Amino acid sequence: IEADDDDSFGAINLLRKMAFLHSEGIQKDLFQDEEWMHVSALKRHSLVVDSPLGGVSMHALTQEVVRELLMGGSKATALGGVLETLDAKMSKFRLDRPETYVVGRRYVRHVKAAASHALDCPVRQATVLASLCQLAGFFLSKVSCSFAEALEMHHISVSARSRAYGPDDVDVANTYTTMAAIYAKQGEYAEALLVYEKSKAVMIKARGHEDVLVAVLYNEMATVKEKQGKYTDAMELHEKSLAIRNKMLGHDHVEVATSYTGIAKIYQAQGKLV
């Protein structure tokens, strides 16, 4: 495409954004109408073709060539636009609203593609990347049960949040907690505990040793220890959680009751029913 008129410029800009998406099923609704109007020029040059998934497809090798030609600011601009558009789309996904699951099915493959090229994105885009990957991770783990892919998205989210807010941010700890829960769900208890420890270390730096969020972590770690059959360790963690909740929330709080329930389950698992 020769960049010698407005249509050519528009087609080139469209091509640049498409290069950061999944090669199949690049939908019209990921672009503004004034951007998509140039797709016909890309078709004339056989740079994209109609896709059976809807929209168009772009050969992976073509995408690679386009990405390699992008430098500095032009790459950041194209990729930043893609990330913001995908974040706006994925923000409509809600775990408690099954009717929104179609959002994840429609866009998550594009999120994975864009995120893989955004690992070195400018800090100003890292916040968007973190949010986007977290949403994709939730969909992949909770809806499609694609745990390995979900962990990949959460890893990118942790890295992006650390760059944007620093490694001791509460949201970094929360993402580690989410990852630990995924490992535990797969029965990878040792790995889950290692990641919970990372979350605890960050949370304590951010909120202090006696924060209620630290108590929640102790409770979740105790559950993993119980599944390992390590009842003494589990009891110690529940007692730490209980002590924090009693001090910070008061003896009559529902979360205090949750800690007592956890302790009772340990006794039950050991056959100590009286």
# chains A, B, ... in the order shown; residues from 1 in each chain; ligands from 1
$ residues_around --residues "Ser159 in chain A" --least-positions-apart "4" --cutoff "10 Å" --atoms "only C-alpha atoms" --output "number ranges by chain"
A: 119, 126, 129-130, 154-155, 163-164, 166-167, 172
$ residues_around --residues "range 46-49 of chain A" --least-positions-apart "2" --cutoff "10 Å" --atoms "only C-alpha atoms" --output "ChimeraX atom specification"
/A:1,15,18,23-26,39-44,51-52,55-59,62-63
$ select_by_dssp --residues "range 40-257 of chain A" --states "alpha helix (DSSP H)" --output "PyMOL selection string"
chain A and resi 40-44+60-69+72-90+101-116+123-138+147-165+170-185+189-207+212-227+231-249+254-257
$ residues_around --residues "Asp233 in chain A" --least-positions-apart "2" --cutoff "12 Å" --atoms "only C-alpha atoms" --output "list of chain:residue names"
A:Tyr218, A:Asn219, A:Met221, A:Ala222, A:Thr223, A:Val224, A:Lys225, A:Glu226, A:Lys227, A:Gln228, A:Gly229, A:Lys230, A:Tyr231, A:Met235, A:Glu236, A:Leu237, A:His238, A:Glu239, A:Lys240, A:Ile263, A:Ile266
$ atom_distance --atom1 "CA of Val214 in chain A" --atom2 "CA of Lys198 in chain A"
11.8 Å
$ select_by_dssp --residues "range 7-226 of chain A" --states "strand (DSSP E or B)" --output "list in words"
Ile26, Val49, Asp50, Val56 and Ser57 of chain A
$ closest_atom_pairs --of "range 92-179 of chain A" --to "range 82-87 of chain A" --cutoff "9 Å" --atoms "only C-alpha atoms" --output "JSON lines"
{"residue": "A:Lys92", "atom": "CA", "partner": "A:Asp87", "partner_atom": "CA", "distance": 9.0}
{"residue": "A:Tyr107", "atom": "CA", "partner": "A:Leu86", "partner_atom": "CA", "distance": 7.3}
{"residue": "A:Val108", "atom": "CA", "partner": "A:Leu86", "partner_atom": "CA", "distance": 8.8}
{"residue": "A:His110", "atom": "CA", "partner": "A:Leu86", "partner_atom": "CA", "distance": 7.8}
{"residue": "A:Val111", "atom": "CA", "partner": "A:Leu86", "partner_atom": "CA", "distance": 6.7}
{"residue": "A:Ala114", "atom": "CA", "partner": "A:Leu83", "partner_atom": "CA", "distance": 7.0}
{"residue": "A:Ala115", "atom": "CA", "partner": "A:Leu83", "partner_atom": "CA", "distance": 8.1}
{"residue": "A:Ala118", "atom": "CA", "partner": "A:Leu83", "partner_atom": "CA", "distance": 8.8}
{"residue": "A:Gln125", "atom": "CA", "partner": "A:Leu83", "partner_atom": "CA", "distance": 8.0}
{"residue": "A:Val128", "atom": "CA", "partner": "A:Glu84", "partner_atom": "CA", "distance": 6.7}
{"residue": "A:Leu129", "atom": "CA", "partner": "A:Leu83", "partner_atom": "CA", "distance": 6.6}
{"residue": "A:Ser131", "atom": "CA", "partner": "A:Asp87", "partner_atom": "CA", "distance": 7.3}
{"residue": "A:Leu132", "atom": "CA", "partner": "A:Asp87", "partner_atom": "CA", "distance": 5.2}
{"residue": "A:Cys133", "atom": "CA", "partner": "A:Asp87", "partner_atom": "CA", "distance": 8.8}
{"residue": "A:Leu135", "atom": "CA", "partner": "A:Asp87", "partner_atom": "CA", "distance": 8.6}
$ atom_distance --atom1 "CA of Tyr176 in chain A" --atom2 "CA of His22 in chain A"
26.9 Å
$ closest_residue --among "A:Lys112, A:Arg16, A:His209, A:Arg161" --to "Thr77 in chain A" --atoms "only C-alpha atoms"
A:Arg16
$ closest_residue --among "A:Arg109, A:Ser162, A:Ala148, A:Lys265" --to "Ala136 in chain A" --atoms "only C-alpha atoms"
A:Arg109
$ residues_around --residues "Asn13 in chain A" --least-positions-apart "2" --cutoff "12 Å" --atoms "only C-alpha atoms" --output "VMD selection string"
chain A and resid 1 3 6 to 11 15 to 20 31 to 32 34 to 39 41 to 42 66 to 67 70 74 to 75 77 to 79 81 to 82
$ write_last_selection --atoms "N, CA and C atoms" --output "tab-separated table (two decimals), in the first residue's frame"
chain	number	residue	atom	x	y	z
A	1	ILE	N	0.85	-1.18	0.00
A	1	ILE	CA	0.00	0.00	0.00
A	1	ILE	C	0.89	1.23	0.00
A	3	ALA	N	1.47	4.99	0.79
A	3	ALA	CA	0.88	5.97	1.70
A	3	ALA	C	0.87	7.34	1.03
A	6	ASP	N	-5.36	9.78	1.69
A	6	ASP	CA	-6.03	9.53	2.97
A	6	ASP	C	-6.46	8.08	3.12
A	7	ASP	N	-6.96	7.48	2.02
A	7	ASP	CA	-7.41	6.09	2.08
A	7	ASP	C	-6.24	5.16	2.40
A	8	SER	N	-5.09	5.42	1.80
A	8	SER	CA	-3.93	4.59	2.06
A	8	SER	C	-3.42	4.74	3.48
A	9	PHE	N	-3.40	5.99	3.97
A	9	PHE	CA	-3.00	6.20	5.36
A	9	PHE	C	-3.93	5.46	6.30
A	10	GLY	N	-5.23	5.55	6.04
A	10	GLY	CA	-6.22	4.87	6.89
A	10	GLY	C	-6.05	3.36	6.85
A	11	ALA	N	-5.77	2.82	5.65
A	11	ALA	CA	-5.58	1.38	5.51
A	11	ALA	C	-4.34	0.92	6.26
A	15	LEU	N	-4.15	-1.68	9.37
A	15	LEU	CA	-3.28	-2.84	9.29
A	15	LEU	C	-2.39	-2.94	10.53
A	16	ARG	N	-1.90	-1.81	10.99
A	16	ARG	CA	-1.03	-1.79	12.16
A	16	ARG	C	-1.75	-2.34	13.40
A	17	LYS	N	-3.00	-1.93	13.59
A	17	LYS	CA	-3.75	-2.41	14.75
A	17	LYS	C	-4.07	-3.90	14.62
A	18	MET	N	-4.44	-4.32	13.42
A	18	MET	CA	-4.77	-5.73	13.20
A	18	MET	C	-3.58	-6.64	13.48
A	19	ALA	N	-2.38	-6.13	13.34
A	19	ALA	CA	-1.18	-6.94	13.52
A	19	ALA	C	-1.01	-7.41	14.96
A	20	PHE	N	-1.70	-6.77	15.91
A	20	PHE	CA	-1.57	-7.13	17.32
A	20	PHE	C	-2.73	-7.99	17.82
A	31	PHE	N	-13.08	-1.76	15.90
A	31	PHE	CA	-12.57	-0.55	15.26
A	31	PHE	C	-13.69	0.48	15.10
A	32	GLN	N	-13.28	1.71	14.98
A	32	GLN	CA	-14.23	2.76	14.65
A	32	GLN	C	-14.68	2.60	13.20
A	34	GLU	N	-14.83	4.76	10.92
A	34	GLU	CA	-13.92	5.45	10.00
A	34	GLU	C	-12.62	4.66	9.80
A	35	GLU	N	-12.31	3.74	10.71
A	35	GLU	CA	-11.16	2.87	10.53
A	35	GLU	C	-11.52	1.68	9.64
A	36	TRP	N	-12.66	1.06	9.95
A	36	TRP	CA	-13.06	-0.16	9.23
A	36	TRP	C	-13.36	0.11	7.76
A	37	MET	N	-13.71	1.33	7.42
A	37	MET	CA	-14.05	1.65	6.04
A	37	MET	C	-12.87	1.38	5.09
A	38	HIS	N	-11.67	1.27	5.67
A	38	HIS	CA	-10.48	1.05	4.84
A	38	HIS	C	-10.16	-0.43	4.65
A	39	VAL	N	-11.00	-1.32	5.21
A	39	VAL	CA	-10.71	-2.75	5.09
A	39	VAL	C	-10.74	-3.22	3.64
A	41	ALA	N	-9.55	-1.75	1.10
A	41	ALA	CA	-8.23	-1.53	0.51
A	41	ALA	C	-7.28	-2.67	0.89
A	42	LEU	N	-7.39	-3.15	2.13
A	42	LEU	CA	-6.55	-4.27	2.56
A	42	LEU	C	-6.93	-5.55	1.80
A	66	VAL	N	4.42	-6.75	9.68
A	66	VAL	CA	3.92	-5.42	10.06
A	66	VAL	C	4.46	-5.01	11.41
A	67	ARG	N	4.45	-5.93	12.38
A	67	ARG	CA	4.96	-5.61	13.72
A	67	ARG	C	6.44	-5.25	13.68
A	70	LEU	N	7.07	-1.71	12.66
A	70	LEU	CA	6.67	-0.65	13.59
A	70	LEU	C	7.80	-0.36	14.55
A	74	SER	N	5.15	4.63	16.98
A	74	SER	CA	4.10	4.08	16.13
A	74	SER	C	3.59	2.75	16.68
A	75	LYS	N	4.51	1.94	17.23
A	75	LYS	CA	4.10	0.68	17.85
A	75	LYS	C	3.27	0.96	19.09
A	77	THR	N	1.49	3.54	19.84
A	77	THR	CA	0.19	4.10	19.48
A	77	THR	C	-0.77	3.01	19.01
A	78	ALA	N	-0.29	2.15	18.10
A	78	ALA	CA	-1.13	1.09	17.57
A	78	ALA	C	-1.52	0.11	18.66
A	79	LEU	N	-0.55	-0.34	19.43
A	79	LEU	CA	-0.82	-1.32	20.47
A	79	LEU	C	-1.68	-0.72	21.58
A	81	GLY	N	-3.92	1.59	21.31
A	81	GLY	CA	-5.30	1.66	20.84
A	81	GLY	C	-6.00	0.31	20.92
A	82	VAL	N	-5.27	-0.75	20.58
A	82	VAL	CA	-5.82	-2.10	20.65
A	82	VAL	C	-6.14	-2.48	22.10
$ residues_around --residues "Ala215 in chain A" --least-positions-apart "2" --cutoff "8 Å" --atoms "only C-alpha atoms" --output "count of residues only"
12
$ atom_distance --atom1 "CA of Gln134 in chain A" --atom2 "CA of Ala181 in chain A"
13.9 Å
$ closest_residue --among "A:Val254, A:Ala173, A:Ala113, A:Ala160" --to "Thr127 in chain A" --atoms "only C-alpha atoms"
A:Ala160
$ closest_residue --among "A:Arg97, A:Val158, A:Gly80, A:Leu14" --to "Pro122 in chain A" --atoms "only C-alpha atoms"
A:Gly80
$ decode --residues "range 181-210 of chain A" --atoms "N, CA, C and O atoms" --output "PDB file, in the first residue's frame"
ATOM      1  N   ALA A 181      -5.142 -19.660  44.029  1.00  0.00           N
ATOM      2  CA  ALA A 181      -6.411 -20.395  44.042  1.00  0.00           C
ATOM      3  C   ALA A 181      -6.533 -21.293  42.814  1.00  0.00           C
ATOM      4  O   ALA A 181      -7.095 -22.400  42.899  1.00  0.00           O
ATOM      5  N   ILE A 182      -6.013 -20.848  41.683  1.00  0.00           N
ATOM      6  CA  ILE A 182      -6.049 -21.673  40.464  1.00  0.00           C
ATOM      7  C   ILE A 182      -5.168 -22.903  40.633  1.00  0.00           C
ATOM      8  O   ILE A 182      -5.561 -24.021  40.271  1.00  0.00           O
ATOM      9  N   TYR A 183      -3.977 -22.707  41.197  1.00  0.00           N
ATOM     10  CA  TYR A 183      -3.107 -23.863  41.459  1.00  0.00           C
ATOM     11  C   TYR A 183      -3.793 -24.849  42.415  1.00  0.00           C
ATOM     12  O   TYR A 183      -3.757 -26.070  42.205  1.00  0.00           O
ATOM     13  N   ALA A 184      -4.416 -24.316  43.465  1.00  0.00           N
ATOM     14  CA  ALA A 184      -5.079 -25.185  44.439  1.00  0.00           C
ATOM     15  C   ALA A 184      -6.232 -25.953  43.798  1.00  0.00           C
ATOM     16  O   ALA A 184      -6.440 -27.137  44.108  1.00  0.00           O
ATOM     17  N   LYS A 185      -6.957 -25.301  42.921  1.00  0.00           N
ATOM     18  CA  LYS A 185      -8.086 -25.955  42.262  1.00  0.00           C
ATOM     19  C   LYS A 185      -7.631 -27.136  41.428  1.00  0.00           C
ATOM     20  O   LYS A 185      -8.359 -28.118  41.243  1.00  0.00           O
ATOM     21  N   GLN A 186      -6.402 -27.057  40.916  1.00  0.00           N
ATOM     22  CA  GLN A 186      -5.849 -28.154  40.122  1.00  0.00           C
ATOM     23  C   GLN A 186      -5.158 -29.210  40.972  1.00  0.00           C
ATOM     24  O   GLN A 186      -4.605 -30.174  40.446  1.00  0.00           O
ATOM     25  N   GLY A 187      -5.160 -29.007  42.287  1.00  0.00           N
ATOM     26  CA  GLY A 187      -4.502 -29.960  43.174  1.00  0.00           C
ATOM     27  C   GLY A 187      -3.017 -29.738  43.298  1.00  0.00           C
ATOM     28  O   GLY A 187      -2.311 -30.568  43.889  1.00  0.00           O
ATOM     29  N   GLU A 188      -2.513 -28.623  42.794  1.00  0.00           N
ATOM     30  CA  GLU A 188      -1.082 -28.300  42.888  1.00  0.00           C
ATOM     31  C   GLU A 188      -0.856 -27.492  44.171  1.00  0.00           C
ATOM     32  O   GLU A 188      -0.597 -26.288  44.143  1.00  0.00           O
ATOM     33  N   TYR A 189      -0.982 -28.176  45.297  1.00  0.00           N
ATOM     34  CA  TYR A 189      -1.017 -27.495  46.590  1.00  0.00           C
ATOM     35  C   TYR A 189       0.309 -26.845  46.973  1.00  0.00           C
ATOM     36  O   TYR A 189       0.326 -25.740  47.539  1.00  0.00           O
ATOM     37  N   ALA A 190       1.409 -27.503  46.676  1.00  0.00           N
ATOM     38  CA  ALA A 190       2.714 -26.925  47.017  1.00  0.00           C
ATOM     39  C   ALA A 190       2.934 -25.619  46.263  1.00  0.00           C
ATOM     40  O   ALA A 190       3.395 -24.617  46.847  1.00  0.00           O
ATOM     41  N   GLU A 191       2.606 -25.611  44.978  1.00  0.00           N
ATOM     42  CA  GLU A 191       2.757 -24.394  44.186  1.00  0.00           C
ATOM     43  C   GLU A 191       1.795 -23.313  44.675  1.00  0.00           C
ATOM     44  O   GLU A 191       2.154 -22.131  44.739  1.00  0.00           O
ATOM     45  N   ALA A 192       0.586 -23.726  45.043  1.00  0.00           N
ATOM     46  CA  ALA A 192      -0.398 -22.765  45.562  1.00  0.00           C
ATOM     47  C   ALA A 192       0.139 -22.065  46.804  1.00  0.00           C
ATOM     48  O   ALA A 192       0.034 -20.842  46.945  1.00  0.00           O
ATOM     49  N   LEU A 193       0.735 -22.830  47.707  1.00  0.00           N
ATOM     50  CA  LEU A 193       1.252 -22.246  48.941  1.00  0.00           C
ATOM     51  C   LEU A 193       2.411 -21.288  48.679  1.00  0.00           C
ATOM     52  O   LEU A 193       2.530 -20.248  49.341  1.00  0.00           O
ATOM     53  N   LEU A 194       3.257 -21.622  47.710  1.00  0.00           N
ATOM     54  CA  LEU A 194       4.356 -20.722  47.352  1.00  0.00           C
ATOM     55  C   LEU A 194       3.820 -19.374  46.863  1.00  0.00           C
ATOM     56  O   LEU A 194       4.344 -18.315  47.232  1.00  0.00           O
ATOM     57  N   VAL A 195       2.779 -19.417  46.059  1.00  0.00           N
ATOM     58  CA  VAL A 195       2.220 -18.175  45.528  1.00  0.00           C
ATOM     59  C   VAL A 195       1.444 -17.427  46.616  1.00  0.00           C
ATOM     60  O   VAL A 195       1.463 -16.195  46.669  1.00  0.00           O
ATOM     61  N   TYR A 196       0.761 -18.165  47.494  1.00  0.00           N
ATOM     62  CA  TYR A 196       0.110 -17.509  48.636  1.00  0.00           C
ATOM     63  C   TYR A 196       1.141 -16.772  49.489  1.00  0.00           C
ATOM     64  O   TYR A 196       0.864 -15.678  50.010  1.00  0.00           O
ATOM     65  N   GLU A 197       2.322 -17.360  49.656  1.00  0.00           N
ATOM     66  CA  GLU A 197       3.377 -16.704  50.432  1.00  0.00           C
ATOM     67  C   GLU A 197       3.805 -15.392  49.766  1.00  0.00           C
ATOM     68  O   GLU A 197       4.072 -14.397  50.439  1.00  0.00           O
ATOM     69  N   LYS A 198       3.872 -15.390  48.438  1.00  0.00           N
ATOM     70  CA  LYS A 198       4.181 -14.144  47.726  1.00  0.00           C
ATOM     71  C   LYS A 198       3.113 -13.100  47.989  1.00  0.00           C
ATOM     72  O   LYS A 198       3.407 -11.919  48.234  1.00  0.00           O
ATOM     73  N   SER A 199       1.856 -13.545  47.926  1.00  0.00           N
ATOM     74  CA  SER A 199       0.751 -12.626  48.180  1.00  0.00           C
ATOM     75  C   SER A 199       0.813 -12.072  49.598  1.00  0.00           C
ATOM     76  O   SER A 199       0.648 -10.867  49.826  1.00  0.00           O
ATOM     77  N   LYS A 200       1.080 -12.946  50.559  1.00  0.00           N
ATOM     78  CA  LYS A 200       1.154 -12.523  51.964  1.00  0.00           C
ATOM     79  C   LYS A 200       2.271 -11.507  52.174  1.00  0.00           C
ATOM     80  O   LYS A 200       2.084 -10.495  52.875  1.00  0.00           O
ATOM     81  N   ALA A 201       3.436 -11.758  51.575  1.00  0.00           N
ATOM     82  CA  ALA A 201       4.567 -10.846  51.737  1.00  0.00           C
ATOM     83  C   ALA A 201       4.231  -9.452  51.210  1.00  0.00           C
ATOM     84  O   ALA A 201       4.536  -8.434  51.855  1.00  0.00           O
ATOM     85  N   VAL A 202       3.595  -9.404  50.038  1.00  0.00           N
ATOM     86  CA  VAL A 202       3.216  -8.110  49.460  1.00  0.00           C
ATOM     87  C   VAL A 202       2.135  -7.443  50.299  1.00  0.00           C
ATOM     88  O   VAL A 202       2.201  -6.235  50.585  1.00  0.00           O
ATOM     89  N   MET A 203       1.137  -8.239  50.731  1.00  0.00           N
ATOM     90  CA  MET A 203       0.030  -7.673  51.503  1.00  0.00           C
ATOM     91  C   MET A 203       0.506  -7.104  52.826  1.00  0.00           C
ATOM     92  O   MET A 203       0.051  -6.027  53.261  1.00  0.00           O
ATOM     93  N   ILE A 204       1.429  -7.785  53.485  1.00  0.00           N
ATOM     94  CA  ILE A 204       1.946  -7.289  54.764  1.00  0.00           C
ATOM     95  C   ILE A 204       2.713  -5.983  54.557  1.00  0.00           C
ATOM     96  O   ILE A 204       2.597  -5.042  55.363  1.00  0.00           O
ATOM     97  N   LYS A 205       3.494  -5.899  53.486  1.00  0.00           N
ATOM     98  CA  LYS A 205       4.206  -4.649  53.194  1.00  0.00           C
ATOM     99  C   LYS A 205       3.226  -3.517  52.914  1.00  0.00           C
ATOM    100  O   LYS A 205       3.453  -2.365  53.304  1.00  0.00           O
ATOM    101  N   ALA A 206       2.144  -3.835  52.236  1.00  0.00           N
ATOM    102  CA  ALA A 206       1.187  -2.809  51.838  1.00  0.00           C
ATOM    103  C   ALA A 206       0.236  -2.414  52.966  1.00  0.00           C
ATOM    104  O   ALA A 206      -0.122  -1.247  53.106  1.00  0.00           O
ATOM    105  N   ARG A 207      -0.174  -3.406  53.794  1.00  0.00           N
ATOM    106  CA  ARG A 207      -1.241  -3.141  54.762  1.00  0.00           C
ATOM    107  C   ARG A 207      -0.863  -3.421  56.216  1.00  0.00           C
ATOM    108  O   ARG A 207      -1.607  -3.039  57.120  1.00  0.00           O
ATOM    109  N   GLY A 208       0.246  -4.088  56.448  1.00  0.00           N
ATOM    110  CA  GLY A 208       0.632  -4.409  57.822  1.00  0.00           C
ATOM    111  C   GLY A 208       0.235  -5.821  58.207  1.00  0.00           C
ATOM    112  O   GLY A 208      -0.602  -6.453  57.567  1.00  0.00           O
ATOM    113  N   HIS A 209       0.829  -6.307  59.316  1.00  0.00           N
ATOM    114  CA  HIS A 209       0.636  -7.693  59.735  1.00  0.00           C
ATOM    115  C   HIS A 209      -0.778  -7.984  60.224  1.00  0.00           C
ATOM    116  O   HIS A 209      -1.215  -9.142  60.186  1.00  0.00           O
ATOM    117  N   GLU A 210      -1.497  -6.974  60.692  1.00  0.00           N
ATOM    118  CA  GLU A 210      -2.789  -7.240  61.331  1.00  0.00           C
ATOM    119  C   GLU A 210      -3.967  -6.765  60.491  1.00  0.00           C
ATOM    120  O   GLU A 210      -5.048  -6.521  61.013  1.00  0.00           O
TER     121      GLU A 210
END
